Amino acid sequence: MFLNGITWLLVFQLIGEVTVRLLGWPVPGPVLGMLLLFVSLVLMRRVPATLDTASTGLLGHLSLLFVPAGVGVMVHADRLLAEWLPVVAVLLVTTLLTMLVTAGIMVLATRWLAPDYHGGGESHD
Amino acid sequence: MTEPDLADIWVYLSASPLLGLTMTLVAYLLAFQLYQRGGGSPLLNPVLTAVVMIILVLLASGIPYPDYFDGAQFVHFLLGPATVALAVPLYQQLSRLRQLWLPVSIAIVSGVIFAAGSSVALAWALGATTQTQLSLAPKSATAPVAMGISETIGGLPSLTAVLVVVTGIVGAVLGTRLFDLFRIRDDSVRGIAMGVAAHGIGTARAFQVSKTMGAFSGLAMALSAFATALIVPWLVDLIGL
């Protein structure tokens with residue numbers, strides 16, 4: 001049942017939020033909630049069907065959840081117009097460079113530290 | 001009974017969360033259909049199309065963003081449970097993760113430092129204000145994390161939210177082409193790079209490519225959220241902003 005799964009997600013988020021506030025950690029609650037859920041799944045050694053349904057449903061349309069924040073661009077139109085050059089340059093250049101640098105380091109580190117690993121398959125995009 | 005006045009109905013609707021919520025879902029569904037009709041071309045990224053559609057409607061109807069967000073916040077809220085839900089695909093990749101945890105950790109930590117450092121440096125070099133530089137620093141982390149960090153270091157959280165979304169769109173639209181161009185074919189490598197640079201929007205794109213790429217992107221997004229929260233405030237302190 002979907003409701004069961006979504007309840008578990010909220011419970012783990014709540015535990016995460018309360019913990020980071022009590023301990024004053026700089027990490028967001030949902031991120032800690034995710035790690036706690038991950039540890040629980042490793043201990044249980046399986047994913048309950050309800051949790052699988054709920055998470056597949058949510059992650060299947062992850063893009064939707066970013067729309068409200070994206071529309072907020074209209075609030076910052078003035079600042080963005082005034083500083084369009086640095087903002088556009090940073091968003092384009094550093095995002096793509098970050099991808100290349102991360103991928104490069106990952107490839108080198110895998111060859112060096114996990115030479116037995118034979119790749120995660122090719123995509124067909 | 002009097003005839004219902006259209007203006008009255010409009011007054012009711014524009015003050016109710018119903019309009020903003022419905023608008024968000026309808027715009028996204030239209031954008032998603034367009035994306036599928038276009039053969040899944042990353043240029044028709046559904047977030048981008050939906051955001052443009054909603055802004056046009058809000059500008060045309062004169063509804064201010066805070067009124068829109070009153071309704072849209074119910075969708076925005078789901079970012080939290082969705083972040084928690086990433087534990088599931090992550091667990092399903094456990095055997096790969098066992099082999100790769102060390103290279104993955106090294107790649108993520110270096111990627112996070114590079115993302116924040118290069119953003120601040122380039123923004124500074126091109127003459128952005130300090131507040132904009134600080135708002136750009138956590139741009140590769142997922143929205144709720146980046147907003148929290150932005151607040152801590154003295155940026156503008158709502159500006160950071162926008163920059164985060166645009167960063168994700170850039171990564172989702174151009175990422176797979178970039179990987180093809182540089183012959184990066186391993187889906188675990190592609191996923192890690194996508195998740196570090198382009199968080200949840202990149203992860204959504206990665207899941208469309210393959211389950212492996214999506215899971216690794218989700219893992220990178222989650223771990224880099226942690227790393228960003230720990231590293232970026234310290235990095236900003238170090239540069240002396």
# chains A, B, ... in the order shown; residues from 1 in each chain; ligands from 1
>>> closest_atom_pairs(of="chain B", to="chain A", cutoff="6 Å", atoms="only C-alpha atoms", output="CSV")
residue,atom,partner,partner_atom,distance
B:Val47,CA,A:Val67,CA,5.8
B:Val51,CA,A:Val71,CA,5.3
B:Ala72,CA,A:Pro68,CA,5.7
B:Val75,CA,A:Leu65,CA,5.6
B:His76,CA,A:Leu65,CA,5.4
B:Leu79,CA,A:Leu65,CA,6.0
B:Gly80,CA,A:Pro30,CA,5.4
B:Pro81,CA,A:Leu9,CA,5.4
B:Ala82,CA,A:Leu58,CA,5.8
B:Thr83,CA,A:Pro30,CA,5.9
B:Val84,CA,A:Met34,CA,4.0
B:Ala85,CA,A:Ser55,CA,5.0
B:Ala87,CA,A:Phe38,CA,4.8
B:Pro103,CA,A:Ala109,CA,4.8
B:Ala107,CA,A:Met106,CA,5.0
B:Gly111,CA,A:Thr102,CA,4.9
B:Ala115,CA,A:Thr98,CA,5.5
B:Ser119,CA,A:Val90,CA,5.7
B:Ala123,CA,A:Pro86,CA,5.2
B:Leu126,CA,A:Pro86,CA,5.3
B:Ala128,CA,A:Pro86,CA,5.9
B:Val145,CA,A:Pro28,CA,5.7
B:Ala161,CA,A:Ala69,CA,5.9
B:Val162,CA,A:Gly70,CA,5.2
B:Val165,CA,A:Gly70,CA,5.7
B:Thr167,CA,A:Leu91,CA,5.7
B:Arg185,CA,A:Glu122,CA,5.6
B:Asp186,CA,A:Gly120,CA,5.4
B:Asp187,CA,A:Gly120,CA,5.1
B:Ser188,CA,A:Gly120,CA,5.2
B:Val189,CA,A:Ala103,CA,5.7
B:Ala193,CA,A:Met99,CA,4.7
B:Ala197,CA,A:Met99,CA,5.7
B:Ile201,CA,A:Ser63,CA,5.7
B:Ala204,CA,A:Leu62,CA,5.8
B:Ala229,CA,A:Val27,CA,5.6
>>> write_last_selection(atoms="C-alpha atoms", output="PDB file, in the first residue's frame")
ATOM      1  CA  VAL B  47      11.274  21.467 -15.309  1.00  0.00           C
ATOM      2  CA  VAL B  51       8.684  26.884 -15.062  1.00  0.00           C
ATOM      3  CA  ALA B  72       2.876  25.143  -4.824  1.00  0.00           C
ATOM      4  CA  VAL B  75       4.653  20.010  -4.101  1.00  0.00           C
ATOM      5  CA  HIS B  76       7.811  21.703  -2.804  1.00  0.00           C
ATOM      6  CA  LEU B  79      11.375  17.216  -1.819  1.00  0.00           C
ATOM      7  CA  GLY B  80      11.965  16.043   1.771  1.00  0.00           C
ATOM      8  CA  PRO B  81      10.353  12.576   1.547  1.00  0.00           C
ATOM      9  CA  ALA B  82      11.801  12.194  -1.978  1.00  0.00           C
ATOM     10  CA  THR B  83      15.289  12.750  -0.565  1.00  0.00           C
ATOM     11  CA  VAL B  84      14.644  10.040   2.043  1.00  0.00           C
ATOM     12  CA  ALA B  85      13.293   7.764  -0.715  1.00  0.00           C
ATOM     13  CA  ALA B  87      17.785   5.232   0.138  1.00  0.00           C
ATOM     14  CA  PRO B 103      36.736   5.770  -5.484  1.00  0.00           C
ATOM     15  CA  ALA B 107      35.327  11.566  -6.486  1.00  0.00           C
ATOM     16  CA  GLY B 111      33.773  17.228  -6.955  1.00  0.00           C
ATOM     17  CA  ALA B 115      31.993  22.867  -7.607  1.00  0.00           C
ATOM     18  CA  SER B 119      31.741  28.898  -8.671  1.00  0.00           C
ATOM     19  CA  ALA B 123      31.750  34.747  -9.998  1.00  0.00           C
ATOM     20  CA  LEU B 126      33.532  38.346 -13.416  1.00  0.00           C
ATOM     21  CA  ALA B 128      29.499  39.437  -9.122  1.00  0.00           C
ATOM     22  CA  VAL B 145      20.502  21.615   1.594  1.00  0.00           C
ATOM     23  CA  ALA B 161      16.987  27.897  -4.745  1.00  0.00           C
ATOM     24  CA  VAL B 162      16.667  29.380  -8.229  1.00  0.00           C
ATOM     25  CA  VAL B 165      17.272  24.625 -10.170  1.00  0.00           C
ATOM     26  CA  THR B 167      22.238  24.341 -12.333  1.00  0.00           C
ATOM     27  CA  ARG B 185      30.441   5.481 -20.983  1.00  0.00           C
ATOM     28  CA  ASP B 186      30.371   3.712 -17.623  1.00  0.00           C
ATOM     29  CA  ASP B 187      26.971   4.410 -16.072  1.00  0.00           C
ATOM     30  CA  SER B 188      28.327   4.385 -12.530  1.00  0.00           C
ATOM     31  CA  VAL B 189      30.859   7.130 -13.448  1.00  0.00           C
ATOM     32  CA  ALA B 193      29.358  13.025 -11.984  1.00  0.00           C
ATOM     33  CA  ALA B 197      27.106  18.557 -10.290  1.00  0.00           C
ATOM     34  CA  ILE B 201      17.225  17.306 -11.531  1.00  0.00           C
ATOM     35  CA  ALA B 204      15.789  12.556 -12.594  1.00  0.00           C
ATOM     36  CA  ALA B 229      27.064  20.996   4.220  1.00  0.00           C
TER      37      ALA B 229
END
